[in-house]
file work.cif (mmCIF, C-alpha atoms and all ligand atoms)
data_coords
loop_
_atom_site.group_PDB
_atom_site.id
_atom_site.type_symbol
_atom_site.label_atom_id
_atom_site.label_comp_id
_atom_site.auth_asym_id
_atom_site.auth_seq_id
_atom_site.Cartn_x
_atom_site.Cartn_y
_atom_site.Cartn_z
ATOM 1 C CA MET Y 1 97.304 132.924 57.798
ATOM 2 C CA LYS Y 2 100.177 132.386 55.369
ATOM 3 C CA ILE Y 3 102.153 129.161 55.427
ATOM 4 C CA LEU Y 4 105.262 128.490 53.377
ATOM 5 C CA ILE Y 5 106.086 124.862 52.603
ATOM 6 C CA ILE Y 6 109.734 124.121 51.836
ATOM 7 C CA ASN Y 7 110.384 120.761 50.228
ATOM 8 C CA GLY Y 8 113.889 120.018 51.481
ATOM 9 C CA GLY Y 9 114.144 116.641 49.772
ATOM 10 C CA PRO Y 10 115.425 115.994 46.255
ATOM 11 C CA ARG Y 11 112.051 114.659 45.064
ATOM 12 C CA LYS Y 12 108.373 114.332 45.911
ATOM 13 C CA GLY Y 13 108.485 111.009 47.730
ATOM 14 C CA ASN Y 14 107.199 109.601 51.019
ATOM 15 C CA THR Y 15 107.855 112.782 52.972
ATOM 16 C CA TRP Y 16 106.148 114.987 50.426
ATOM 17 C CA ARG Y 17 103.159 112.625 50.427
ATOM 18 C CA LEU Y 18 102.857 113.018 54.194
ATOM 19 C CA THR Y 19 103.329 116.772 53.843
ATOM 20 C CA MET Y 20 100.361 116.883 51.468
ATOM 21 C CA VAL Y 21 98.287 115.038 54.105
ATOM 22 C CA VAL Y 22 99.269 117.769 56.579
ATOM 23 C CA LYS Y 23 98.334 120.460 54.054
ATOM 24 C CA LYS Y 24 94.916 118.881 53.568
ATOM 25 C CA MET Y 25 94.357 118.752 57.337
ATOM 26 C CA LEU Y 26 95.308 122.403 57.691
ATOM 27 C CA LYS Y 27 92.887 123.352 54.924
ATOM 28 C CA ARG Y 28 90.182 121.490 56.811
ATOM 29 C CA PHE Y 29 90.994 123.389 60.021
ATOM 30 C CA ASP Y 30 90.990 126.704 58.205
ATOM 31 C CA SER Y 31 90.051 127.125 54.558
ATOM 32 C CA SER Y 32 91.436 130.675 54.505
ATOM 33 C CA ILE Y 33 95.075 129.586 54.939
ATOM 34 C CA ARG Y 34 97.200 130.655 51.989
ATOM 35 C CA PHE Y 35 100.052 128.320 51.034
ATOM 36 C CA ARG Y 36 103.234 128.913 49.054
ATOM 37 C CA GLU Y 37 105.608 126.131 48.065
ATOM 38 C CA VAL Y 38 109.342 126.069 47.426
ATOM 39 C CA HIS Y 39 110.968 122.922 46.062
ATOM 40 C CA LEU Y 40 114.679 123.228 46.737
ATOM 41 C CA SER Y 41 115.390 120.699 43.981
ATOM 42 C CA GLU Y 42 114.028 123.241 41.473
ATOM 43 C CA VAL Y 43 115.917 126.260 42.809
ATOM 44 C CA GLY Y 44 119.317 125.263 41.412
ATOM 45 C CA LEU Y 45 121.198 126.533 44.446
ATOM 46 C CA PRO Y 46 124.943 125.819 44.061
ATOM 47 C CA PHE Y 47 126.889 124.463 47.032
ATOM 48 C CA CYS Y 48 127.823 126.943 49.746
ATOM 49 C CA LEU Y 49 131.419 127.913 48.897
ATOM 50 C CA GLY Y 50 132.432 128.650 52.475
ATOM 51 C CA CYS Y 51 133.582 132.143 51.425
ATOM 52 C CA SER Y 52 132.092 133.509 54.695
ATOM 53 C CA ASN Y 53 131.040 136.710 52.927
ATOM 54 C CA CYS Y 54 127.676 136.382 54.692
ATOM 55 C CA PHE Y 55 129.322 136.463 58.123
ATOM 56 C CA ARG Y 56 131.846 139.192 57.319
ATOM 57 C CA LYS Y 57 130.238 141.477 54.769
ATOM 58 C CA GLY Y 58 126.539 140.646 54.920
ATOM 59 C CA HIS Y 59 124.396 137.947 53.345
ATOM 60 C CA GLN Y 60 123.608 140.213 50.385
ATOM 61 C CA THR Y 61 127.208 139.629 49.256
ATOM 62 C CA CYS Y 62 126.719 135.853 49.046
ATOM 63 C CA PRO Y 63 127.588 134.794 45.471
ATOM 64 C CA HIS Y 64 124.275 132.899 45.434
ATOM 65 C CA TYR Y 65 122.168 135.693 46.916
ATOM 66 C CA GLN Y 66 119.908 135.865 43.848
ATOM 67 C CA LYS Y 67 118.812 132.281 44.604
ATOM 68 C CA ILE Y 68 118.575 132.738 48.379
ATOM 69 C CA ARG Y 69 116.820 136.095 48.458
ATOM 70 C CA PRO Y 70 113.406 134.982 47.065
ATOM 71 C CA ILE Y 71 113.234 132.190 49.665
ATOM 72 C CA MET Y 72 114.188 134.552 52.480
ATOM 73 C CA ASP Y 73 111.508 136.962 51.253
ATOM 74 C CA LEU Y 74 108.918 134.172 51.360
ATOM 75 C CA ILE Y 75 109.930 133.238 54.920
ATOM 76 C CA GLU Y 76 109.646 136.892 55.903
ATOM 77 C CA GLU Y 77 106.139 137.155 54.423
ATOM 78 C CA CYS Y 78 104.661 134.034 56.029
ATOM 79 C CA ASP Y 79 103.416 133.307 59.544
ATOM 80 C CA ALA Y 80 104.868 129.811 59.654
ATOM 81 C CA VAL Y 81 107.044 127.455 57.651
ATOM 82 C CA ILE Y 82 106.560 123.736 57.067
ATOM 83 C CA PHE Y 83 109.820 121.935 56.327
ATOM 84 C CA SER Y 84 109.478 118.614 54.520
ATOM 85 C CA VAL Y 85 112.757 116.744 55.013
ATOM 86 C CA PRO Y 86 113.331 113.011 54.467
ATOM 87 C CA CYS Y 87 115.795 111.254 56.759
ATOM 88 C CA TYR Y 88 119.095 110.553 54.967
ATOM 89 C CA GLN Y 89 121.688 108.828 57.131
ATOM 90 C CA GLY Y 90 119.950 110.059 60.244
ATOM 91 C CA HIS Y 91 120.204 113.664 59.125
ATOM 92 C CA LEU Y 92 118.957 116.246 56.629
ATOM 93 C CA PRO Y 93 119.287 115.486 52.908
ATOM 94 C CA GLY Y 94 122.264 117.280 51.315
ATOM 95 C CA ILE Y 95 120.008 119.628 49.376
ATOM 96 C CA MET Y 96 118.471 120.914 52.613
ATOM 97 C CA LYS Y 97 121.787 121.028 54.461
ATOM 98 C CA ASN Y 98 123.159 123.126 51.589
ATOM 99 C CA PHE Y 99 120.232 125.515 52.010
ATOM 100 C CA THR Y 100 120.813 125.829 55.771
ATOM 101 C CA ASP Y 101 124.561 126.394 55.149
ATOM 102 C CA HIS Y 102 123.623 129.419 53.035
ATOM 103 C CA LEU Y 103 121.647 130.777 55.998
ATOM 104 C CA ALA Y 104 124.173 129.853 58.694
ATOM 105 C CA PHE Y 105 124.895 133.558 59.225
ATOM 106 C CA LEU Y 106 121.512 133.654 60.990
ATOM 107 C CA LEU Y 107 123.173 131.869 63.919
ATOM 108 C CA HIS Y 108 125.214 135.075 64.314
ATOM 109 C CA ARG Y 109 122.401 137.436 63.388
ATOM 110 C CA PRO Y 110 119.052 135.787 64.189
ATOM 111 C CA ARG Y 111 115.912 137.320 62.752
ATOM 112 C CA TYR Y 112 112.829 135.058 62.505
ATOM 113 C CA PHE Y 113 111.686 135.731 66.074
ATOM 114 C CA LYS Y 114 107.946 135.572 65.388
ATOM 115 C CA LYS Y 115 107.952 132.571 63.053
ATOM 116 C CA LYS Y 116 106.844 129.077 63.914
ATOM 117 C CA ALA Y 117 107.742 125.868 62.135
ATOM 118 C CA LEU Y 118 106.472 122.361 61.562
ATOM 119 C CA ILE Y 119 109.214 119.902 60.609
ATOM 120 C CA ILE Y 120 108.065 116.715 58.866
ATOM 121 C CA SER Y 121 110.366 113.772 58.245
ATOM 122 C CA THR Y 122 109.879 110.200 57.128
ATOM 123 C CA THR Y 123 112.459 107.459 57.442
ATOM 124 C CA GLY Y 124 112.763 103.893 56.194
ATOM 125 C CA GLY Y 125 113.359 102.504 59.680
ATOM 126 C CA VAL Y 126 115.172 104.766 62.122
ATOM 127 C CA SER Y 127 116.281 108.323 62.897
ATOM 128 C CA ALA Y 128 113.454 110.517 61.579
ATOM 129 C CA GLY Y 129 113.505 111.995 65.105
ATOM 130 C CA SER Y 130 117.175 112.966 64.899
ATOM 131 C CA THR Y 131 116.486 114.576 61.510
ATOM 132 C CA THR Y 132 113.656 116.771 62.820
ATOM 133 C CA LYS Y 133 115.606 117.516 65.995
ATOM 134 C CA ALA Y 134 118.677 118.671 64.061
ATOM 135 C CA LEU Y 135 116.631 121.125 62.019
ATOM 136 C CA ALA Y 136 114.652 122.322 65.071
ATOM 137 C CA SER Y 137 117.944 123.130 66.778
ATOM 138 C CA THR Y 138 119.133 125.118 63.746
ATOM 139 C CA LEU Y 139 115.833 127.006 63.549
ATOM 140 C CA SER Y 140 115.946 128.031 67.213
ATOM 141 C CA GLY Y 141 119.416 129.493 66.508
ATOM 142 C CA TRP Y 142 117.933 131.423 63.577
ATOM 143 C CA GLY Y 143 115.399 132.915 65.995
ATOM 144 C CA PHE Y 144 112.304 130.799 65.242
ATOM 145 C CA ASN Y 145 109.908 131.082 68.173
ATOM 146 C CA LYS Y 146 108.738 127.474 68.184
ATOM 147 C CA SER Y 147 109.173 124.289 66.139
ATOM 148 C CA TYR Y 148 106.786 121.350 66.068
ATOM 149 C CA GLN Y 149 108.216 118.022 64.946
ATOM 150 C CA LEU Y 150 106.537 115.194 63.069
ATOM 151 C CA PRO Y 151 108.959 112.275 62.627
ATOM 152 C CA ILE Y 152 107.335 109.202 61.054
ATOM 153 C CA THR Y 153 108.714 105.745 60.282
ATOM 154 C CA ALA Y 154 107.492 104.856 56.811
ATOM 155 C CA PHE Y 155 108.972 101.336 56.515
ATOM 156 C CA SER Y 156 109.185 102.083 52.814
ATOM 157 C CA TRP Y 157 111.506 103.491 50.174
ATOM 158 C CA ASN Y 158 108.911 105.005 47.923
ATOM 159 C CA ASP Y 159 105.500 103.570 48.608
ATOM 160 C CA TYR Y 160 104.521 105.006 51.958
ATOM 161 C CA HIS Y 161 100.853 105.171 52.866
ATOM 162 C CA PRO Y 162 100.196 106.583 56.344
ATOM 163 C CA THR Y 163 98.768 104.042 58.798
ATOM 164 C CA LYS Y 164 95.862 104.832 61.108
ATOM 165 C CA ASN Y 165 98.337 105.514 63.907
ATOM 166 C CA ASP Y 166 100.433 107.786 61.689
ATOM 167 C CA LEU Y 167 97.314 109.736 60.700
ATOM 168 C CA ARG Y 168 96.296 110.127 64.351
ATOM 169 C CA LYS Y 169 99.747 111.419 65.292
ATOM 170 C CA THR Y 170 99.891 113.648 62.202
ATOM 171 C CA CYS Y 171 96.482 115.150 62.973
ATOM 172 C CA GLU Y 172 97.389 115.763 66.625
ATOM 173 C CA VAL Y 173 100.700 117.526 65.833
ATOM 174 C CA THR Y 174 99.198 119.474 62.906
ATOM 175 C CA HIS Y 175 96.303 120.660 65.070
ATOM 176 C CA ARG Y 176 98.617 121.879 67.841
ATOM 177 C CA PHE Y 177 100.759 123.651 65.231
ATOM 178 C CA TYR Y 178 97.697 125.289 63.663
ATOM 179 C CA LEU Y 179 96.205 126.458 66.987
ATOM 180 C CA ASP Y 180 99.515 127.918 68.058
ATOM 181 C CA VAL Y 181 100.137 129.818 64.809
ATOM 182 C CA ASN Y 182 96.540 131.028 64.786
ATOM 183 C CA SER Y 183 96.771 132.268 68.392
ATOM 184 C CA GLY Y 184 99.726 134.530 67.593
ATOM 185 C CA LYS Y 185 101.081 133.636 71.029
ATOM 186 C CA MET Y 186 104.822 134.116 71.453
ATOM 187 C CA HIS Y 187 106.678 131.548 73.560
ATOM 188 C CA THR Y 188 109.563 132.131 75.928
ATOM 189 C CA PRO Y 189 112.752 130.837 74.261
ATOM 190 C CA SER Y 190 114.960 128.289 75.998
ATOM 191 C CA LEU Y 191 117.946 129.434 78.045
ATOM 192 C CA GLY Y 192 120.111 127.786 75.382
ATOM 193 C CA VAL Y 193 118.867 130.464 72.968
ATOM 194 C CA VAL Y 194 119.064 133.448 75.314
ATOM 195 C CA ILE Y 195 122.654 132.707 76.405
ATOM 196 C CA PRO Y 196 124.293 132.975 72.930
ATOM 197 C CA PHE Y 197 122.059 135.951 72.073
ATOM 198 C CA ASN Y 198 123.541 137.937 74.961
ATOM 199 C CA LEU Y 199 127.082 136.633 74.530
ATOM 200 C CA PHE Y 200 127.127 137.491 70.836
ATOM 201 C CA GLN Y 201 125.639 140.883 71.449
ATOM 202 C CA ALA Y 202 128.303 141.783 74.000
ATOM 203 C CA MET Y 203 131.158 140.377 71.937
ATOM 204 C CA CYS Y 204 130.089 142.082 68.714
ATOM 205 C CA ILE Y 205 129.834 145.615 70.093
ATOM 206 C CA GLY Y 206 133.140 147.366 70.714
ATOM 207 C CA ASN Y 207 135.366 144.278 70.697
ATOM 208 C CA LYS Y 208 139.100 144.450 70.199
ATOM 209 C CA GLY Y 209 139.173 143.214 66.619
ATOM 210 C CA GLU Y 210 136.308 145.392 65.417
ATOM 211 C CA LYS Y 211 138.404 148.344 64.284
ATOM 212 C CA ASP Y 212 140.738 146.357 62.049
ATOM 213 C CA TYR Y 213 138.183 143.892 60.703
ATOM 214 C CA PRO Y 214 134.691 145.341 60.985
ATOM 215 C CA THR Y 215 132.019 142.784 60.179
ATOM 216 C CA GLU Y 216 128.312 142.701 59.540
ATOM 217 C CA ASP Y 217 127.917 141.208 63.040
ATOM 218 C CA ASN Y 218 129.324 144.444 64.513
ATOM 219 C CA ARG Y 219 126.753 146.476 62.605
ATOM 220 C CA PHE Y 220 123.864 144.164 63.501
ATOM 221 C CA TRP Y 221 123.963 144.010 67.277
ATOM 222 C CA PRO Y 222 123.779 147.645 68.475
ATOM 223 C CA LYS Y 223 120.021 147.718 67.775
ATOM 224 C CA TYR Y 224 119.523 145.150 70.569
ATOM 225 C CA LYS Y 225 121.628 147.036 73.107
ATOM 226 C CA GLY Y 226 120.047 146.829 76.558
ATOM 227 C CA MET Y 227 117.734 143.999 75.500
ATOM 228 C CA ASN Y 228 118.168 140.409 76.597
ATOM 229 C CA TYR Y 229 116.232 139.139 73.583
ATOM 230 C CA ALA Y 230 114.168 140.391 70.654
ATOM 231 C CA PRO Y 231 111.352 142.817 71.505
ATOM 232 C CA GLY Y 232 107.890 141.258 71.822
ATOM 233 C CA ILE Y 233 109.177 137.857 72.976
ATOM 234 C CA PRO Y 234 108.377 137.137 76.648
ATOM 235 C CA LEU Y 235 111.226 136.363 79.047
ATOM 236 C CA THR Y 236 111.160 135.205 82.677
ATOM 237 C CA LEU Y 237 113.179 136.925 85.365
ATOM 238 C CA LEU Y 238 115.659 134.023 85.212
ATOM 239 C CA HIS Y 239 116.131 134.582 81.465
ATOM 240 C CA ARG Y 240 116.789 138.274 82.064
ATOM 241 C CA LEU Y 241 119.218 137.649 84.908
ATOM 242 C CA LEU Y 242 121.150 134.966 83.044
ATOM 243 C CA GLY Y 243 121.083 137.064 79.859
ATOM 244 C CA THR Y 244 122.589 140.021 81.725
ATOM 245 C CA VAL Y 245 125.272 137.837 83.345
ATOM 246 C CA MET Y 246 126.159 136.370 79.924
ATOM 247 C CA TYR Y 247 126.299 139.892 78.480
ATOM 248 C CA LEU Y 248 128.821 140.887 81.154
ATOM 249 C CA VAL Y 249 130.853 137.722 80.503
ATOM 250 C CA GLY Y 250 130.810 138.545 76.780
ATOM 251 C CA LYS Y 251 132.031 142.071 77.521
ATOM 252 C CA MET Y 252 134.952 140.661 79.521
ATOM 253 C CA ILE Y 253 135.894 138.325 76.683
ATOM 254 C CA ALA Y 254 135.535 141.098 74.084
ATOM 255 C CA GLY Y 255 137.794 143.373 76.107
ATOM 256 C CA ASN Y 256 140.625 140.852 76.289
ATOM 257 C CA VAL Y 257 140.446 138.757 73.160
ATOM 258 C CA VAL Y 258 140.873 139.956 69.596
ATOM 259 C CA ILE Y 259 137.860 138.653 67.725
ATOM 260 C CA SER Y 260 138.430 138.906 64.019
ATOM 261 C CA TYR Y 261 137.232 137.224 60.869
ATOM 262 C CA LYS Y 262 140.518 138.038 59.133
ATOM 263 C CA LYS Y 263 141.059 135.761 56.162
HETATM 264 C C1 LIG T 301 120.361 108.528 50.690
HETATM 265 C C2 LIG T 301 119.368 107.870 51.602
HETATM 266 C C3 LIG T 301 119.672 107.759 52.951
HETATM 267 C C4 LIG T 301 118.771 107.125 53.823
HETATM 268 N N1 LIG T 301 119.090 107.036 55.142
HETATM 269 C C5 LIG T 301 118.251 106.396 55.986
HETATM 270 C C6 LIG T 301 118.562 106.245 57.366
HETATM 271 O O1 LIG T 301 119.553 106.750 57.865
HETATM 272 N N2 LIG T 301 117.721 105.529 58.149
HETATM 273 C C7 LIG T 301 116.601 104.952 57.636
HETATM 274 O O2 LIG T 301 115.915 104.278 58.380
HETATM 275 N N3 LIG T 301 116.232 105.124 56.336
HETATM 276 C C8 LIG T 301 117.033 105.823 55.518
HETATM 277 N N4 LIG T 301 116.672 105.990 54.186
HETATM 278 C C9 LIG T 301 115.316 105.663 53.767
HETATM 279 C C10 LIG T 301 114.455 106.929 53.738
HETATM 280 O O3 LIG T 301 114.620 107.655 54.949
HETATM 281 C C11 LIG T 301 112.957 106.655 53.582
HETATM 282 O O4 LIG T 301 112.716 105.841 52.484
HETATM 283 C C12 LIG T 301 112.193 107.976 53.481
HETATM 284 O O5 LIG T 301 110.824 107.712 53.630
HETATM 285 C C13 LIG T 301 112.463 108.624 52.135
HETATM 286 O O6 LIG T 301 111.718 109.796 52.017
HETATM 287 P P1 LIG T 301 111.409 110.420 50.580
HETATM 288 O O7 LIG T 301 110.645 109.372 49.806
HETATM 289 O O8 LIG T 301 110.607 111.625 50.872
HETATM 290 O O9 LIG T 301 112.721 110.715 49.929
HETATM 291 C C14 LIG T 301 117.544 106.611 53.319
HETATM 292 C C15 LIG T 301 117.245 106.773 51.952
HETATM 293 C C16 LIG T 301 118.139 107.379 51.108
HETATM 294 C C17 LIG T 301 117.789 107.558 49.657
#

call {"tool": "encode", "arguments": {"input": "work.cif", "output": "structure tokens"}}
result
Amino acid sequence: MKILIINGGPRKGNTWRLTMVVKKMLKRFDSSIRFREVHLSEVGLPFCLGCSNCFRKGHQTCPHYQKIRPIMDLIEECDAVIFSVPCYQGHLPGIMKNFTDHLAFLLHRPRYFKKKALIISTTGGVSAGSTTKALASTLSGWGFNKSYQLPITAFSWNDYHPTKNDLRKTCEVTHRFYLDVNSGKMHTPSLGVVIPFNLFQAMCIGNKGEKDYPTEDNRFWPKYKGMNYAPGIPLTLLHRLLGTVMYLVGKMIAGNVVISYKK
């Protein structure tokens, strides 16, 4: 099993300390796990410029692609990703938000359908839960099959030592994460994931604006034609029915509205 750890904080503080506890637990569960680490603070990724090249022309045309590509390659190669993200103002630290902005095109063209994630956050007092939840929501839009969340209140700025209770919770969540990744089981996505998948698909194939302003989205979706979600991911009958209805709604919209990314 290969696990990538992304340190989405600007330093190795409380959250990183807890992440290393998780790593140790995982090694105890399975000594054959291979880990890779990325520290975003060392990558030197400039701010997303909002050029929208990734949406329109493909993420390879991002001016910062040379920085983004190695991380995307590492995500592709691993079975699961651990995100280590301290709580800053009830949300992700800027350095992590900047990273997710560079991958926002994945909300239009999801790809990590077989990946699972563990999101770890520590907070001084409140809102570690909203931090992990925000990232989990982004990851489900990127296609991630399942995200486990470990929000912990550290009551500390820089001197956090996990309490007995924290260790119990950490062990329980880490164990569930490990068993799930090890099983290779794929989970049924939520309806909130299947609906935009089908809408986007319908709206990006043969829409009114496509001829004048062809985009990478137009080129991406035809491979999923006739599918309500990515192959190999189980869907219930309800998912399929709703997916098909949303596809038809998307087709109606695409036939009447000019969708263009004209700048
Ligand atoms: C810029 C900044 C914003 C913070 N925002 C919050 C917050 O919204 N709520 C909170 O309870 N603690 C907040 N804290 C405290 C941190 O969440 C807490 O100390 C956390 O454990 C830091 O993790 P780290 O050591 O991995 O950076 C903030 C700290 C910083 C530096």

call {"tool": "resolve_selection", "arguments": {"input": "work.cif", "expression": "the PyMOL selection byres (((chain Y and resi 170) around 10) and not hetatm)", "output": "number ranges by chain"}}
result
Y: 18-19, 21-22, 25, 120, 149-152, 162, 164-169, 171-175

call {"tool": "resolve_selection", "arguments": {"input": "work.cif", "expression": "the PyMOL selection byres (((not hetatm)) within 7 of (chain T and resi 301))", "output": "ChimeraX atom specification"}}
result
/Y:9-16,85-90,122-127,154,156-158

call {"tool": "resolve_selection", "arguments": {"input": "work.cif", "expression": "the PyMOL selection byres (((chain Y and resi 186-201) around 6) and not hetatm)", "output": "VMD selection string"}}
result
chain Y and resid 185 202 to 204 221 233 to 235 243 246 to 247 250

call {"tool": "write_last_selection", "arguments": {"input": "work.cif", "atoms": "C-alpha atoms", "output": "PDB file, in the frame of the given file"}}
result
ATOM      1  CA  LYS Y 185     101.081 133.636  71.029  1.00  0.00           C
ATOM      2  CA  ALA Y 202     128.303 141.783  74.000  1.00  0.00           C
ATOM      3  CA  MET Y 203     131.158 140.377  71.937  1.00  0.00           C
ATOM      4  CA  CYS Y 204     130.089 142.082  68.714  1.00  0.00           C
ATOM      5  CA  TRP Y 221     123.963 144.010  67.277  1.00  0.00           C
ATOM      6  CA  ILE Y 233     109.177 137.857  72.976  1.00  0.00           C
ATOM      7  CA  PRO Y 234     108.377 137.137  76.648  1.00  0.00           C
ATOM      8  CA  LEU Y 235     111.226 136.363  79.047  1.00  0.00           C
ATOM      9  CA  GLY Y 243     121.083 137.064  79.859  1.00  0.00           C
ATOM     10  CA  MET Y 246     126.159 136.370  79.924  1.00  0.00           C
ATOM     11  CA  TYR Y 247     126.299 139.892  78.480  1.00  0.00           C
ATOM     12  CA  GLY Y 250     130.810 138.545  76.780  1.00  0.00           C
TER      13      GLY Y 250
END

call {"tool": "atom_distance", "arguments": {"input": "work.cif", "atom1": "atom CA of Y:Thr163", "atom2": "atom CA of Y:Gly129"}}
result
17.9 Å

call {"tool": "closest_residue", "arguments": {"input": "work.cif", "among": "Y:Ala117, Y:Ala136, Y:Leu241, Y:Val258", "to": "Y:His91", "atoms": "all atoms listed in the file"}}
result
Y:Ala136

call {"tool": "residues_around", "arguments": {"input": "work.cif", "residues": "Y:Ile205", "least_positions_apart": "2", "cutoff": "12 Å", "atoms": "all atoms listed in the file", "output": "ChimeraX atom specification"}}
result
/Y:198-203,207-211,214-226,247,250-255,259
